[in-house]
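Data first, discussion second: the structure below is written as C-alpha cells.
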Amino acid sequence: MSQTIELQPTPISSKIALPHTRASLDSLHIVFTSPKPTDNDRGNMVEPSVSSIPDPKRLSMLKITLIILQPSLVNFLSSFTNGIITVGLPSIARSINLQRSLYLWPTSVYGLTSGAILLIAGSVADIIGARIVEIVGILVLGVFTLACGLSTSGVQLVVFRALQGIGFAMHLPASVALVAGAVPQGRARNIGFACLGLSQPLGFSVGMVVSGVIVERAGWRTGFYASGGATLVAVITALWTLPKIKPEAQGSENRPWYKQLYAEVDWAGGVIAGGGLAILAYILA
C-alpha cells in the first residue's frame, strides 16, 4: 500500500512527522504544494511598470524623420555659409574694405572657435541635456549668420564669424547625442548618423556652386540672410521636434545644474586646449 505525504511551507518551529513503517522508498511519494495567495497578498503584489521606461520605438516615423532632418539641415546651412565665404571673399573684401592681413580670418576663425569650444560644449550637453544646448547653439548660429550679412567692416565680420563658430560648436555634439538617444537602434540610427555626416560636405559643395550666382546677381549679403533666416526657422522647428533626453551625468541629480557645471566640467583643460589651438592657428595664419 503506497503512502502519500503532502508537505506545505510551515513555520520553522513546526515539525513534520513521518510514519514509522517499513514502506519501501518506491511506495513513498512526496508532493510539494505552495499555499494559495490570499486577498491581502494580492493587494501587496507590485506589478512591474513598463510605461516608465522610455522606448524610442514608440516614436512615429514622421517624428524620427524630423529628428534626423533638423540637425542635418543645420549642418547643411552652416557649411553652405562657409562656401559663400570661400567663393565670395573677393567681393566681400571690396565691399567692407577688408584689410589684406585679415583675408584668411573670415574663413579660419570659424573653425578655430568651433574646435576650441567643442570639448566644453560636449561636457555641458552631458550635464544639462542635449536638447537645450542644441536649441541655444542653433539660435546663436542663426543670429550671428544674419549679423555677418549686416557687418560693415572687416573686424565686425571676423568677430561675427567667431561667434558663429561657437554656436556651431554647441550644435555639433548635441546633434549627435540627440540622434543617438532618440532614434532607435538599427537602420534608422545608421541613416541618422549618415545624414549628419553627409550634410556638411553637401552644404559646402552647394554653397560653392550657388554662391557664385548669388554674389553676381543678388550680392553676397543675400546668401547670409537666406542662411541665417533658414537657421532661425530650424530653431522654431527644434522646439517641436526635438525630444527631451535624460542627461548622461548621473549621481548628482540633487545639485543645481550650475553647481554641476562648476564641479564636473573640466574648465581648466578646456581653456588650455582651446587656447593652445587658438595660438597655433594664429601663428599659422
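All residue names refer to the C-alpha cells as shown: chains lettered A, B, ... in order, residues numbered from 1 in each chain, ligands numbered from 1 in order.
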List the neighbours of Ile138 of chain A out to 7 Å using only C-alpha atoms; skip same-chain residues closer than 3 positions along the sequence, and give me the result as number ranges by chain.
A: 134-135, 141-142, 167-168, 171, 231, 235
Output the selection as a short mmCIF file (atom, residue, chain, number, x, y, z; two decimals), in the first residue's frame - N, CA and C atoms for each residue.
data_model
loop_
_atom_site.label_atom_id
_atom_site.label_comp_id
_atom_site.auth_asym_id
_atom_site.auth_seq_id
_atom_site.Cartn_x
_atom_site.Cartn_y
_atom_site.Cartn_z
N GLU A 134 21.36 72.21 -27.98
CA GLU A 134 21.11 72.27 -29.42
C GLU A 134 20.31 73.52 -29.78
N ILE A 135 19.26 73.82 -29.02
CA ILE A 135 18.43 74.98 -29.35
C ILE A 135 19.21 76.28 -29.18
N LEU A 141 23.92 80.46 -33.76
CA LEU A 141 24.40 80.31 -35.13
C LEU A 141 23.58 81.14 -36.10
N GLY A 142 22.26 81.11 -35.97
CA GLY A 142 21.40 81.85 -36.89
C GLY A 142 21.51 83.36 -36.70
N GLY A 167 28.47 78.92 -31.81
CA GLY A 167 27.15 78.31 -31.95
C GLY A 167 27.21 76.95 -32.61
N PHE A 168 28.05 76.82 -33.62
CA PHE A 168 28.18 75.52 -34.29
C PHE A 168 28.83 74.50 -33.36
N HIS A 171 26.15 73.10 -31.29
CA HIS A 171 25.23 72.26 -32.06
C HIS A 171 25.81 70.88 -32.35
N THR A 231 18.16 79.13 -40.68
CA THR A 231 18.62 78.57 -39.41
C THR A 231 17.68 78.96 -38.28
N VAL A 235 15.34 76.71 -35.63
CA VAL A 235 15.19 76.85 -34.17
C VAL A 235 13.73 76.63 -33.78
#
Across A:Ser79, A:Ser95, A:Thr86, A:Ser123, the smallest distance to Glu264 of chain A, with only C-alpha atoms counted, is shown by A:Ser123
Strand (DSSP E) positions in segment 22-249 of chain A, given as an NGL selection string
:A and (28-32)
Within 10 Å of Arg131 of chain A, counting only C-alpha atoms, which residues qualify if same-chain residues fewer than 2 places away don't, as a compact mmCIF listing (two decimals) with C-alpha atoms, in the first residue's frame?
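The resulting file, out.txt, is shown below:
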# COMPACT_ATOMS: atom_id res chain seq x y z
CA ALA A 125 25.42 68.93 -23.06
CA ILE A 128 22.14 69.96 -18.68
CA GLY A 129 20.81 67.97 -21.65
CA VAL A 133 22.27 73.01 -25.87
CA GLU A 134 21.11 72.27 -29.42
CA ILE A 135 18.43 74.98 -29.35
CA VAL A 136 20.73 77.62 -27.87
CA GLY A 137 23.53 76.67 -30.27
CA HIS A 171 25.23 72.26 -32.06
CA ALA A 174 24.26 67.96 -29.10
CA SER A 175 23.03 66.81 -32.51
CA ALA A 177 23.58 62.94 -28.74
CA LEU A 178 20.02 63.58 -29.91
CA ALA A 238 13.51 72.25 -32.97
CA LEU A 239 11.15 73.40 -30.21
CA LEU A 242 13.48 67.54 -30.62
CA PRO A 243 12.69 65.20 -27.69
CA LYS A 244 13.88 65.62 -24.13
CA ILE A 245 16.72 63.24 -23.38
CA LYS A 246 17.92 62.50 -19.86
CA PRO A 247 21.41 63.94 -19.30
Can you pull out every residue within 8 Å of segment 276-279 of chain A, counting only C-alpha atoms, but drop anything in the same chain fewer than 4 positions away, and send it as a PDB file with N, CA and C atoms, in the first residue's frame?
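What follows is the written file out_38.pdb:
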ATOM      1  N   LEU A 112      38.344  77.787 -35.923  1.00  0.00           N
ATOM      2  CA  LEU A 112      39.144  77.955 -34.717  1.00  0.00           C
ATOM      3  C   LEU A 112      38.271  77.956 -33.468  1.00  0.00           C
ATOM      4  N   THR A 113      37.239  78.784 -33.454  1.00  0.00           N
ATOM      5  CA  THR A 113      36.385  78.870 -32.263  1.00  0.00           C
ATOM      6  C   THR A 113      35.536  77.612 -32.073  1.00  0.00           C
ATOM      7  N   GLY A 115      36.338  74.543 -32.919  1.00  0.00           N
ATOM      8  CA  GLY A 115      37.195  73.488 -32.386  1.00  0.00           C
ATOM      9  C   GLY A 115      37.621  73.728 -30.959  1.00  0.00           C
ATOM     10  N   ALA A 116      37.821  75.004 -30.593  1.00  0.00           N
ATOM     11  CA  ALA A 116      38.261  75.321 -29.237  1.00  0.00           C
ATOM     12  C   ALA A 116      37.152  75.104 -28.208  1.00  0.00           C
ATOM     13  N   ILE A 272      42.805  75.378 -21.628  1.00  0.00           N
ATOM     14  CA  ILE A 272      44.170  75.111 -22.096  1.00  0.00           C
ATOM     15  C   ILE A 272      44.161  74.554 -23.513  1.00  0.00           C
ATOM     16  N   ILE A 283      49.396  81.582 -35.248  1.00  0.00           N
ATOM     17  CA  ILE A 283      50.747  81.560 -35.804  1.00  0.00           C
ATOM     18  C   ILE A 283      50.722  81.136 -37.268  1.00  0.00           C
TER      19      ILE A 283
END
Taken to one decimal, the atom CA of Gly111 of chain A-atom CA of Arg217 of chain A distance is 28.4 Å
When you look at Val215 of chain A with a cut-off of 12 Å (counting only C-alpha atoms), what residues show up, excluding the ones that are within fewer than 2 positions of it in the same chain? I need them as a list of chain:residue names.
A:Gly83, A:Ile84, A:Ile85, A:Thr86, A:Val87, A:Gly88, A:Leu89, A:Pro90, A:Ser91, A:Ile92, A:Ser95, A:Gly207, A:Met208, A:Val209, A:Val210, A:Ser211, A:Gly212, A:Val213, A:Arg217, A:Ala218, A:Gly219, A:Trp220, A:Arg221, A:Thr222, A:Gly223, A:Phe224
Could you take the residues named above and write them with N, CA and C atoms, as a compact mmCIF listing (two decimals), in the first residue's frame?
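See again-v1.txt below for the written result:
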# COMPACT_ATOMS: atom_id res chain seq x y z
N GLY A 83 30.83 77.96 -47.76
CA GLY A 83 31.02 78.03 -49.20
C GLY A 83 30.87 79.44 -49.74
N ILE A 84 29.92 80.19 -49.17
CA ILE A 84 29.73 81.58 -49.59
C ILE A 84 30.98 82.41 -49.26
N ILE A 85 31.52 82.21 -48.07
CA ILE A 85 32.73 82.94 -47.66
C ILE A 85 33.89 82.61 -48.59
N THR A 86 34.03 81.34 -48.94
CA THR A 86 35.16 80.92 -49.76
C THR A 86 35.11 81.52 -51.15
N VAL A 87 33.94 81.49 -51.79
CA VAL A 87 33.80 81.98 -53.16
C VAL A 87 33.66 83.50 -53.20
N GLY A 88 32.91 84.04 -52.29
CA GLY A 88 32.62 85.48 -52.34
C GLY A 88 33.58 86.36 -51.58
N LEU A 89 34.72 85.82 -51.11
CA LEU A 89 35.65 86.62 -50.32
C LEU A 89 36.18 87.84 -51.08
N PRO A 90 36.54 87.76 -52.35
CA PRO A 90 36.99 88.98 -53.04
C PRO A 90 35.93 90.08 -53.07
N SER A 91 34.68 89.72 -53.34
CA SER A 91 33.61 90.72 -53.34
C SER A 91 33.36 91.27 -51.95
N ILE A 92 33.43 90.38 -50.94
CA ILE A 92 33.24 90.82 -49.56
C ILE A 92 34.35 91.78 -49.14
N SER A 95 33.75 95.15 -50.62
CA SER A 95 32.56 95.82 -50.11
C SER A 95 32.79 96.45 -48.74
N GLY A 207 27.07 75.38 -51.56
CA GLY A 207 27.44 76.78 -51.33
C GLY A 207 28.49 77.27 -52.31
N MET A 208 29.43 76.41 -52.65
CA MET A 208 30.46 76.80 -53.61
C MET A 208 29.86 77.07 -54.99
N VAL A 209 28.85 76.29 -55.37
CA VAL A 209 28.25 76.44 -56.70
C VAL A 209 27.25 77.59 -56.72
N VAL A 210 26.37 77.63 -55.73
CA VAL A 210 25.28 78.61 -55.75
C VAL A 210 25.77 80.00 -55.37
N SER A 211 26.80 80.09 -54.52
CA SER A 211 27.24 81.40 -54.05
C SER A 211 27.76 82.26 -55.19
N GLY A 212 28.34 81.63 -56.22
CA GLY A 212 28.78 82.43 -57.37
C GLY A 212 27.63 83.16 -58.03
N VAL A 213 26.51 82.46 -58.19
CA VAL A 213 25.32 83.10 -58.78
C VAL A 213 24.75 84.15 -57.85
N ARG A 217 24.41 88.09 -58.86
CA ARG A 217 23.05 88.57 -59.15
C ARG A 217 22.46 89.37 -58.00
N ALA A 218 22.59 88.87 -56.76
CA ALA A 218 21.90 89.50 -55.63
C ALA A 218 22.83 90.10 -54.59
N GLY A 219 24.11 89.82 -54.64
CA GLY A 219 25.03 90.35 -53.64
C GLY A 219 25.34 89.31 -52.57
N TRP A 220 26.52 89.43 -51.99
CA TRP A 220 26.97 88.43 -51.02
C TRP A 220 26.16 88.46 -49.73
N ARG A 221 25.59 89.59 -49.39
CA ARG A 221 24.80 89.67 -48.16
C ARG A 221 23.53 88.81 -48.23
N THR A 222 23.00 88.64 -49.43
CA THR A 222 21.78 87.84 -49.58
C THR A 222 22.01 86.39 -49.16
N GLY A 223 23.18 85.87 -49.44
CA GLY A 223 23.47 84.50 -49.02
C GLY A 223 23.45 84.33 -47.50
N PHE A 224 24.00 85.31 -46.78
CA PHE A 224 23.97 85.26 -45.32
C PHE A 224 22.55 85.44 -44.79
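Of the listed residues (A:Val159, A:Val233, A:Gly154, A:Ala273), A:Gly154 comes nearest to Ser101 of chain A; the distances count only C-alpha atoms.
Distance check against Tyr225 of chain A using only C-alpha atoms: of A:Ala169, A:Val143, A:Val265, A:Val179, the minimum falls on A:Val143.
In terms of minimum interatomic distance to Leu232 of chain A, A:Leu139 ranks closest within A:Ile64, A:Ala130, A:Lys259, A:Leu139, counting only C-alpha atoms.
Distances from A:Gly165, A:Pro71, A:Gly149, A:Gly181 to Ser114 of chain A were compared using only C-alpha atoms, and the smallest one belongs to A:Gly165.
Between Asp126 of chain A and the residues A:Phe193, A:Phe144, A:Val176, A:Leu77, the shortest atom-to-atom distance, using only C-alpha atoms, involves A:Val176.
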